[in-house]
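Asks: Contents of run.txt (compact mmCIF, C-alpha atoms and all ligand atoms) are given next:
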# COMPACT_ATOMS: atom_id res chain seq x y z
CA MET A 1 -158.21 35.05 -3.73
CA ILE A 2 -157.33 33.09 -0.58
CA ASN A 3 -158.73 29.55 -0.40
CA ASP A 4 -159.75 27.96 2.88
CA TYR A 5 -159.17 24.20 2.95
CA PRO A 6 -160.13 22.02 5.95
CA GLN A 7 -157.06 20.88 7.89
CA ALA A 8 -156.34 17.31 9.05
CA LEU A 9 -153.43 15.66 10.85
CA THR A 10 -151.62 12.36 10.43
CA ILE A 11 -149.61 10.98 13.37
CA ALA A 12 -147.54 8.13 11.94
CA GLY A 13 -144.29 6.88 10.41
CA THR A 14 -142.62 7.86 7.15
CA ASP A 15 -142.04 5.49 4.21
CA SER A 16 -138.99 6.49 2.14
CA GLY A 17 -140.49 4.67 -0.85
CA GLY A 18 -143.54 6.96 -0.70
CA GLY A 19 -146.22 4.25 -0.78
CA ALA A 20 -147.47 3.88 2.80
CA GLY A 21 -147.46 5.73 6.13
CA ILE A 22 -147.25 9.53 6.13
CA PRO A 23 -146.62 9.91 2.37
CA ALA A 24 -149.75 7.88 1.57
CA ASP A 25 -151.76 9.89 4.12
CA VAL A 26 -150.55 13.26 2.80
CA LYS A 27 -151.20 12.32 -0.85
CA THR A 28 -154.66 10.99 0.00
CA MET A 29 -155.67 14.05 2.03
CA GLN A 30 -154.34 16.39 -0.67
CA MET A 31 -156.31 14.54 -3.36
CA ARG A 32 -159.45 14.64 -1.20
CA GLY A 33 -159.23 18.43 -0.93
CA VAL A 34 -157.86 18.65 2.60
CA TYR A 35 -154.70 20.34 3.89
CA SER A 36 -152.53 17.83 5.80
CA ALA A 37 -150.18 18.35 8.73
CA MET A 38 -148.04 15.61 10.28
CA VAL A 39 -146.49 14.39 13.51
CA VAL A 40 -143.60 12.09 12.54
CA VAL A 41 -143.45 9.29 15.13
CA ALA A 42 -140.87 7.14 13.36
CA VAL A 43 -138.75 7.16 10.21
CA THR A 44 -138.49 4.02 8.10
CA ALA A 45 -136.08 3.06 5.33
CA GLN A 46 -138.63 1.27 3.16
CA ASN A 47 -139.50 0.53 -0.44
CA THR A 48 -141.91 -1.72 -2.33
CA LEU A 49 -139.74 -4.74 -1.40
CA GLY A 50 -139.99 -4.25 2.37
CA VAL A 51 -138.80 -2.33 5.41
CA GLN A 52 -135.01 -2.16 5.62
CA ASP A 53 -134.75 -0.12 8.86
CA ALA A 54 -136.82 1.96 11.27
CA PHE A 55 -135.99 4.57 13.89
CA PRO A 56 -138.42 6.08 16.43
CA MET A 57 -138.45 9.84 17.05
CA PRO A 58 -137.41 11.15 20.49
CA GLU A 59 -140.41 11.66 22.80
CA LYS A 60 -139.56 15.36 23.21
CA LEU A 61 -139.70 15.93 19.47
CA ILE A 62 -143.10 14.22 19.31
CA ASP A 63 -144.39 16.57 22.04
CA GLU A 64 -142.91 19.54 20.20
CA GLN A 65 -144.52 18.61 16.89
CA PHE A 66 -147.94 18.39 18.57
CA ALA A 67 -147.34 21.75 20.29
CA SER A 68 -146.28 23.43 17.03
CA ILE A 69 -149.35 22.20 15.21
CA ALA A 70 -151.85 22.85 18.01
CA SER A 71 -150.61 26.39 18.62
CA ASP A 72 -151.07 27.45 15.01
CA LEU A 73 -153.31 25.21 12.89
CA LYS A 74 -157.03 24.41 13.18
CA ILE A 75 -157.12 20.63 12.88
CA ARG A 76 -160.60 19.26 12.20
CA ALA A 77 -159.78 15.52 12.29
CA CYS A 78 -156.72 13.38 12.90
CA LYS A 79 -155.49 9.81 12.38
CA THR A 80 -152.79 7.58 13.80
CA GLY A 81 -150.71 5.00 11.90
CA MET A 82 -147.34 3.44 12.79
CA LEU A 83 -146.65 4.19 16.48
CA ALA A 84 -143.55 1.96 16.94
CA ASP A 85 -143.31 1.15 20.67
CA PRO A 86 -144.71 1.82 24.17
CA ILE A 87 -142.88 5.15 24.63
CA ARG A 88 -144.25 6.54 21.34
CA VAL A 89 -147.79 5.21 21.90
CA LYS A 90 -147.87 6.82 25.36
CA ALA A 91 -146.52 10.12 23.98
CA VAL A 92 -149.23 10.15 21.30
CA VAL A 93 -151.99 9.32 23.82
CA ARG A 94 -150.76 12.08 26.14
CA ASN A 95 -150.84 14.66 23.34
CA LEU A 96 -154.21 13.54 21.99
CA LYS A 97 -155.63 14.12 25.48
CA LYS A 98 -153.91 17.50 25.79
CA TYR A 99 -155.05 19.09 22.52
CA ASN A 100 -158.39 19.28 20.71
CA LEU A 101 -157.60 17.80 17.30
CA GLY A 102 -161.14 16.73 16.33
CA PRO A 103 -162.41 13.18 15.76
CA LEU A 104 -159.64 10.54 15.99
CA ILE A 105 -159.30 7.73 13.44
CA VAL A 106 -157.01 4.98 14.76
CA ASP A 107 -155.37 2.73 12.17
CA PRO A 108 -153.72 0.24 14.55
CA VAL A 109 -150.78 -0.52 12.22
CA MET A 110 -148.79 -3.52 13.46
CA VAL A 111 -147.00 -5.35 10.64
CA ALA A 112 -145.98 -4.22 7.12
CA LYS A 113 -146.78 -6.35 4.08
CA GLY A 114 -143.28 -7.87 3.99
CA GLY A 115 -143.56 -8.95 7.65
CA ALA A 116 -141.63 -6.15 9.41
CA LYS A 117 -143.05 -5.18 12.80
CA LEU A 118 -144.14 -1.52 12.92
CA LEU A 119 -145.47 -1.85 16.49
CA SER A 120 -143.55 -3.80 19.12
CA ASP A 121 -145.40 -6.61 20.92
CA ASP A 122 -145.19 -4.82 24.28
CA ALA A 123 -147.05 -1.81 22.81
CA ILE A 124 -150.16 -3.74 21.73
CA ALA A 125 -151.76 -3.69 25.21
CA ILE A 126 -151.17 0.08 25.45
CA VAL A 127 -152.89 0.61 22.10
CA ARG A 128 -155.77 -1.59 23.31
CA ASN A 129 -156.15 0.01 26.76
CA GLU A 130 -155.16 3.65 26.21
CA LEU A 131 -155.49 4.59 22.52
CA LEU A 132 -158.54 2.57 21.48
CA PRO A 133 -160.89 4.28 24.01
CA LEU A 134 -160.04 7.65 22.39
CA ALA A 135 -160.98 6.45 18.89
CA THR A 136 -163.99 7.87 17.07
CA LEU A 137 -163.22 5.16 14.50
CA ILE A 138 -160.78 2.25 14.60
CA THR A 139 -159.78 0.59 11.30
CA PRO A 140 -158.00 -2.73 12.01
CA ASN A 141 -157.26 -5.34 9.36
CA ILE A 142 -158.04 -8.95 10.27
CA PRO A 143 -154.68 -9.81 11.96
CA GLU A 144 -154.79 -6.53 13.93
CA ALA A 145 -158.36 -7.22 15.09
CA CYS A 146 -157.22 -10.71 16.22
CA GLU A 147 -154.38 -9.17 18.27
CA LEU A 148 -156.58 -6.50 19.84
CA THR A 149 -159.47 -8.81 20.76
CA GLY A 150 -157.87 -12.24 21.23
CA ILE A 151 -160.47 -13.64 18.80
CA ASN A 152 -159.15 -16.03 16.15
CA ILE A 153 -161.02 -14.62 13.12
CA LYS A 154 -161.90 -17.33 10.58
CA ASP A 155 -165.19 -16.17 9.08
CA LYS A 156 -167.74 -13.33 8.91
CA THR A 157 -169.33 -14.32 12.25
CA ASP A 158 -165.93 -13.91 13.94
CA ILE A 159 -165.45 -10.54 12.21
CA LYS A 160 -168.74 -9.27 13.69
CA ARG A 161 -167.85 -10.66 17.11
CA ALA A 162 -164.44 -8.95 17.02
CA ALA A 163 -166.00 -5.63 16.00
CA HIS A 164 -168.44 -5.79 18.93
CA GLU A 165 -165.54 -6.63 21.26
CA LEU A 166 -163.59 -3.57 20.03
CA GLN A 167 -166.65 -1.42 20.67
CA LYS A 168 -166.99 -2.84 24.18
CA ARG A 169 -163.38 -1.81 24.75
CA GLY A 170 -164.23 1.82 23.96
CA ALA A 171 -163.86 2.56 20.23
CA LYS A 172 -167.04 4.30 19.02
CA ASN A 173 -167.17 3.10 15.40
CA ILE A 174 -165.39 0.10 13.87
CA LEU A 175 -164.24 -0.55 10.28
CA LEU A 176 -162.88 -4.09 10.18
CA LYS A 177 -161.09 -4.42 6.85
CA GLY A 178 -161.20 -7.66 4.89
CA GLY A 179 -158.17 -7.18 2.64
CA HIS A 180 -156.32 -10.04 4.36
CA ALA A 181 -159.05 -12.66 3.69
CA GLU A 182 -156.91 -13.82 0.79
CA ASN A 183 -158.79 -17.06 0.09
CA SER A 184 -161.89 -14.97 -0.72
CA GLN A 185 -162.82 -13.49 -4.11
CA LYS A 186 -164.18 -10.50 -2.20
CA ALA A 187 -162.57 -7.61 -0.32
CA ASP A 188 -165.51 -7.08 2.03
CA ASP A 189 -165.20 -4.81 5.07
CA TYR A 190 -167.52 -4.78 8.10
CA VAL A 191 -168.70 -1.55 9.72
CA LEU A 192 -170.20 -1.28 13.20
CA PHE A 193 -171.54 2.16 14.09
CA GLU A 194 -171.75 3.88 17.45
CA ASP A 195 -175.55 3.47 17.54
CA GLY A 196 -175.34 -0.32 17.01
CA ASN A 197 -176.27 -0.25 13.31
CA ASP A 198 -173.93 -2.15 11.04
CA MET A 199 -173.23 -2.83 7.35
CA TRP A 200 -170.97 -4.78 5.01
CA LEU A 201 -169.04 -2.86 2.37
CA THR A 202 -168.71 -5.36 -0.44
CA ALA A 203 -166.17 -5.16 -3.27
CA PRO A 204 -164.58 -7.62 -5.68
CA ARG A 205 -160.98 -8.58 -4.84
CA ILE A 206 -158.70 -7.00 -7.46
CA ASN A 207 -156.01 -9.39 -8.63
CA THR A 208 -152.83 -7.35 -8.12
CA LYS A 209 -149.73 -7.37 -5.94
CA ASN A 210 -149.74 -3.56 -5.85
CA THR A 211 -151.56 -3.01 -2.57
CA HIS A 212 -148.87 -1.23 -0.55
CA GLY A 213 -150.54 1.42 1.61
CA THR A 214 -154.18 0.33 1.27
CA GLY A 215 -154.86 0.61 5.02
CA ASP A 216 -153.25 4.04 5.26
CA THR A 217 -155.11 5.26 2.21
CA ILE A 218 -158.61 4.25 3.36
CA SER A 219 -158.08 5.64 6.88
CA ALA A 220 -156.56 8.91 5.55
CA CYS A 221 -159.44 9.32 3.11
CA ILE A 222 -161.99 8.80 5.89
CA THR A 223 -160.12 11.34 8.07
CA ALA A 224 -160.17 13.86 5.22
CA GLU A 225 -163.89 13.34 4.56
CA ILE A 226 -164.66 13.78 8.29
CA ALA A 227 -162.56 17.00 8.26
CA LYS A 228 -164.72 18.20 5.34
CA GLY A 229 -167.86 17.67 7.43
CA HIS A 230 -169.18 14.37 6.10
CA SER A 231 -170.94 11.93 8.44
CA MET A 232 -169.08 8.82 9.58
CA GLU A 233 -171.17 6.65 7.21
CA GLN A 234 -170.56 8.92 4.20
CA ALA A 235 -166.84 9.19 5.01
CA ILE A 236 -166.42 5.41 5.27
CA MET A 237 -168.28 4.81 2.01
CA ILE A 238 -166.16 7.39 0.17
CA GLY A 239 -163.02 5.83 1.73
CA LYS A 240 -163.95 2.37 0.44
CA THR A 241 -164.73 3.67 -3.08
CA TYR A 242 -161.52 5.73 -3.16
CA VAL A 243 -159.23 2.87 -2.06
CA GLU A 244 -160.89 0.49 -4.53
CA GLN A 245 -160.24 2.93 -7.39
CA THR A 246 -156.63 3.56 -6.29
CA ILE A 247 -155.99 -0.20 -6.50
CA LYS A 248 -157.95 -0.72 -9.73
CA GLU A 249 -156.26 2.11 -11.67
CA GLY A 250 -152.78 1.04 -10.46
CA ILE A 251 -149.44 2.66 -11.24
CA HIS A 252 -146.04 1.14 -11.94
CA VAL A 253 -143.47 1.94 -9.20
CA GLY A 254 -140.75 -0.35 -7.81
CA HIS A 255 -140.21 -4.11 -8.04
CA GLY A 256 -142.28 -5.46 -5.15
CA HIS A 257 -145.69 -4.60 -3.71
CA GLY A 258 -146.23 -1.34 -5.57
CA PRO A 259 -148.12 1.70 -4.26
CA LEU A 260 -151.59 2.91 -5.18
CA ASN A 261 -152.77 5.50 -7.65
CA HIS A 262 -153.71 8.38 -5.36
CA TRP A 263 -154.61 10.58 -8.35
CA VAL A 264 -157.96 8.82 -8.96
CA LYS A 265 -161.29 10.63 -8.73
CA VAL A 266 -164.38 8.95 -7.31
CA LYS A 267 -167.91 9.24 -8.70
CA GLY A 268 -169.72 12.19 -7.15
CA ASP A 269 -166.57 14.26 -6.48
CA GLU A 270 -167.62 16.85 -9.04
CA ILE A 271 -170.84 17.54 -7.07
CA ASP A 272 -169.23 17.39 -3.61
CA ASP A 273 -169.98 20.86 -2.28
CA ILE A 274 -169.04 20.32 1.39
N1 LIG B 1 -156.84 -6.89 -3.63
C1 LIG B 1 -157.76 -6.04 -3.18
N2 LIG B 1 -158.83 -5.73 -3.95
C2 LIG B 1 -159.78 -4.85 -3.53
N3 LIG B 1 -159.74 -4.25 -2.32
C3 LIG B 1 -158.70 -4.52 -1.50
C4 LIG B 1 -157.66 -5.42 -1.88
N4 LIG B 1 -156.76 -5.49 -0.85
C5 LIG B 1 -157.21 -4.67 0.10
N5 LIG B 1 -158.39 -4.10 -0.27
C6 LIG B 1 -159.17 -3.13 0.50
O1 LIG B 1 -158.27 -2.11 0.94
C7 LIG B 1 -158.64 -1.66 2.24
C8 LIG B 1 -157.48 -1.90 3.20
O2 LIG B 1 -157.54 -3.23 3.62
P1 LIG B 1 -156.41 -4.15 4.21
O3 LIG B 1 -155.49 -4.56 3.12
O4 LIG B 1 -157.12 -5.25 4.94
O5 LIG B 1 -155.67 -3.17 5.22
P2 LIG B 1 -154.14 -3.04 5.64
O6 LIG B 1 -153.42 -2.34 4.52
O7 LIG B 1 -154.24 -2.23 6.89
O8 LIG B 1 -153.60 -4.42 5.87
C9 LIG B 1 -159.92 -2.43 2.60
O9 LIG B 1 -161.04 -1.68 2.18
C10 LIG B 1 -159.78 -3.70 1.77
O10 LIG B 1 -161.01 -4.34 1.56
C1 LIG B 2 -144.47 3.84 7.90
C2 LIG B 2 -145.50 2.83 7.55
N1 LIG B 2 -146.73 2.94 8.07
C3 LIG B 2 -147.68 2.02 7.79
C4 LIG B 2 -147.39 0.95 6.96
C5 LIG B 2 -148.41 -0.10 6.71
O1 LIG B 2 -149.22 0.37 5.73
P1 LIG B 2 -150.43 -0.48 5.13
O2 LIG B 2 -151.40 0.47 4.58
O3 LIG B 2 -150.92 -1.45 6.13
O4 LIG B 2 -149.71 -1.17 3.92
P2 LIG B 2 -148.77 -2.43 3.86
O5 LIG B 2 -147.50 -2.22 4.60
O6 LIG B 2 -149.61 -3.54 4.40
O7 LIG B 2 -148.51 -2.53 2.41
C6 LIG B 2 -146.10 0.87 6.42
N2 LIG B 2 -145.76 -0.13 5.60
N3 LIG B 2 -145.17 1.82 6.74
The structure given in the file should be rewritten as structure tokens.
Ligand SMILES: Nc1ncnc2c1ncn2[C@@H]1O[C@H](COP(=O)(O)OP(=O)(O)O)[C@@H](O)[C@H]1O
Ligand SMILES: Cc1ncc(COP(=O)(O)OP(=O)(O)O)c(N)n1

Replies:
Amino acid sequence: MINDYPQALTIAGTDSGGGAGIPADVKTMQMRGVYSAMVVVAVTAQNTLGVQDAFPMPEKLIDEQFASIASDLKIRACKTGMLADPIRVKAVVRNLKKYNLGPLIVDPVMVAKGGAKLLSDDAIAIVRNELLPLATLITPNIPEACELTGINIKDKTDIKRAAHELQKRGAKNILLKGGHAENSQKADDYVLFEDGNDMWLTAPRINTKNTHGTGDTISACITAEIAKGHSMEQAIMIGKTYVEQTIKEGIHVGHGHGPLNHWVKVKGDEIDDI
């Protein structure tokens, strides 16, 4: 018997420690029942203690990876993660315009947990002006939303304002993640849909330092669920439940901010017939 799994694509950086970036995306998509392909934009030497080094891929090799994938696979949804610098962001934008790779989920990764920059300052405006308008969904954390909108986010009113500003700038749907609101007992995320409807995804804050790769995991899960044919709302809700479980049922790896447990199942998976 030959099985037919939906195919999705991650366009991002590697993490040698396996917790974030492309490894987190691939593990998440695999666990969500989706075949994953990848465009490697940058390679990082990284572990749970931080990023030790990073090297961007040559532009030509980025173009070639897109061409290889587009000429052979049938990608139903794609996501971006670490894009490094202006040359790489422009290369990714160019290729996203050239090929039909399905709905685009933009995780505007800027800074790793330990403080290392994964996107140079001079690339932020290019993400804002050229990548964001292509996004079916953008998934910034609070500091990323501040950078992209210029709004100094202090409370839930500011979060809503920033989400509306991102929509005005061209992203269709917004998931503004609240993981960085560290003085809160909650890990609440705000969602603004294309049609103007909105909702809060509420969750208790789990007391753990093992949250390496949370942003990658939720955006990869949403990408996988979209590739499977779920609606944006369903995909986001599954993404939130999945990331919460991966944090809650943690695993022991490394000596710093450990990775998530991508093996978890979420309620309803057994009856998911899409
Ligand atoms: N300690 C935590 N407990 C529960 N959920 C969390 C925790 N930290 C992050 N999350 C959730 O993980 C997802 C990723 O959020 P965030 O950490 O803000 O993104 P990023 O990894 O891009 O910085 C969000 O749904 C957020 O609410
Ligand atoms: C190669 C690479 N890509 C992305 C990240 C950031 O991942 P994120 O999910 O935001 O997790 P933390 O770095 O905040 O733990 C990364 N570190 N490396």

Asks: Go through A:Lys98, A:Arg169, A:Met237, A:His262 one by one, measure the shortest atom-to-atom distance of each to Glu249 (chain A) using only C-alpha atoms, and give the residue with the smallest value.

Replies: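 Distance minimum relative to Glu249 (chain A) lands on A:His262.
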
Asks: I'd like to know which of A:Asn197, A:Ser71, A:Ser16, A:Asn129 is closest to Asn47 (chain A), using all atoms listed in the file.

Replies: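 So, comparing all the options, the nearest one is A:Ser16.
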
Asks: If we count all atoms listed in the file and set the cut-off at 10 Å, which residues sit around Lys160 (chain A), ignoring sequence neighbours fewer than 6 positions away in its own chain? Please answer as a PyMOL selection string.

Replies: chain A and resi 153+166+174+176+190-192+198

Asks: Choose the residue, out of A:His252, A:Lys113, A:Arg128, A:Lys186, that has the smallest atom-to-atom separation from Gln46 (chain A); count all atoms listed in the file.

Replies: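 Nearest candidate to Gln46 (chain A) out of A:His252, A:Lys113, A:Arg128, A:Lys186: A:Lys113.
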
Asks: Which of these, A:Glu144, A:Asp158, A:Asp269, A:Asp53, has the shortest distance to ligand LIG 1 (chain B) once you count all atoms listed in the file?

Replies: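 Going through A:Glu144, A:Asp158, A:Asp269, A:Asp53 one by one, the smallest distance to ligand LIG 1 (chain B) is for A:Glu144.
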
Asks: List as a ChimeraX atom specification the protein and nucleic acid residues lying within 9 Å of ligand LIG 1 (chain B), with all atoms listed in the file counted.

Replies: /A:20,107-113,139-144,175-182,185-189,201-219,239-241,243-245,247-248

Asks: I'd like the interatomic distance between CA of Asp63 (chain A) and CA of Gly102 (chain A), to a tenth of an Å.

Replies: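 Interatomic distance, CA of Asp63 (chain A) to CA of Gly102 (chain A): 17.7 Å.
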
Asks: Around (-158.6, 15.6, -1.2), as given in the file, which residues come within 10 Å? Count only C-alpha atoms and list them as a PyMOL selection string.

Replies: chain A and resi 5-6+26-36+220-221+224-225+228+262-263+265+269

Asks: Which residue, A:Leu61, A:Asn3, A:Ala70, A:Ala84, has the smallest gap to Ala42 (chain A) when you use only C-alpha atoms?

Replies: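 Among A:Leu61, A:Asn3, A:Ala70, A:Ala84, it is A:Ala84 that comes nearest to Ala42 (chain A).
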
Asks: Figure out the distance between CA of Val106 (chain A) and CA of Leu137 (chain A), please, to one decimal in Å.

Replies: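 CA of Leu137 (chain A) sits 6.2 Å away from CA of Val106 (chain A).
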
Asks: Write a file for region 84-95 of chain A of the given structure; include C-alpha atoms and format it as a short mmCIF file (atom, residue, chain, number, x, y, z; two decimals), in the first residue's frame.

Replies:
data_model
loop_
_atom_site.label_atom_id
_atom_site.label_comp_id
_atom_site.auth_asym_id
_atom_site.auth_seq_id
_atom_site.Cartn_x
_atom_site.Cartn_y
_atom_site.Cartn_z
CA ALA A 84 19.19 35.96 8.71
CA ASP A 85 19.73 39.15 6.67
CA PRO A 86 18.47 41.35 3.79
CA ILE A 87 19.97 39.16 1.03
CA ARG A 88 18.28 36.01 2.38
CA VAL A 89 14.93 37.74 3.06
CA LYS A 90 14.88 39.10 -0.51
CA ALA A 91 15.80 35.68 -1.94
CA VAL A 92 12.95 34.05 0.00
CA VAL A 93 10.44 36.73 -1.08
CA ARG A 94 11.52 36.34 -4.71
CA ASN A 95 11.01 32.57 -4.60
#
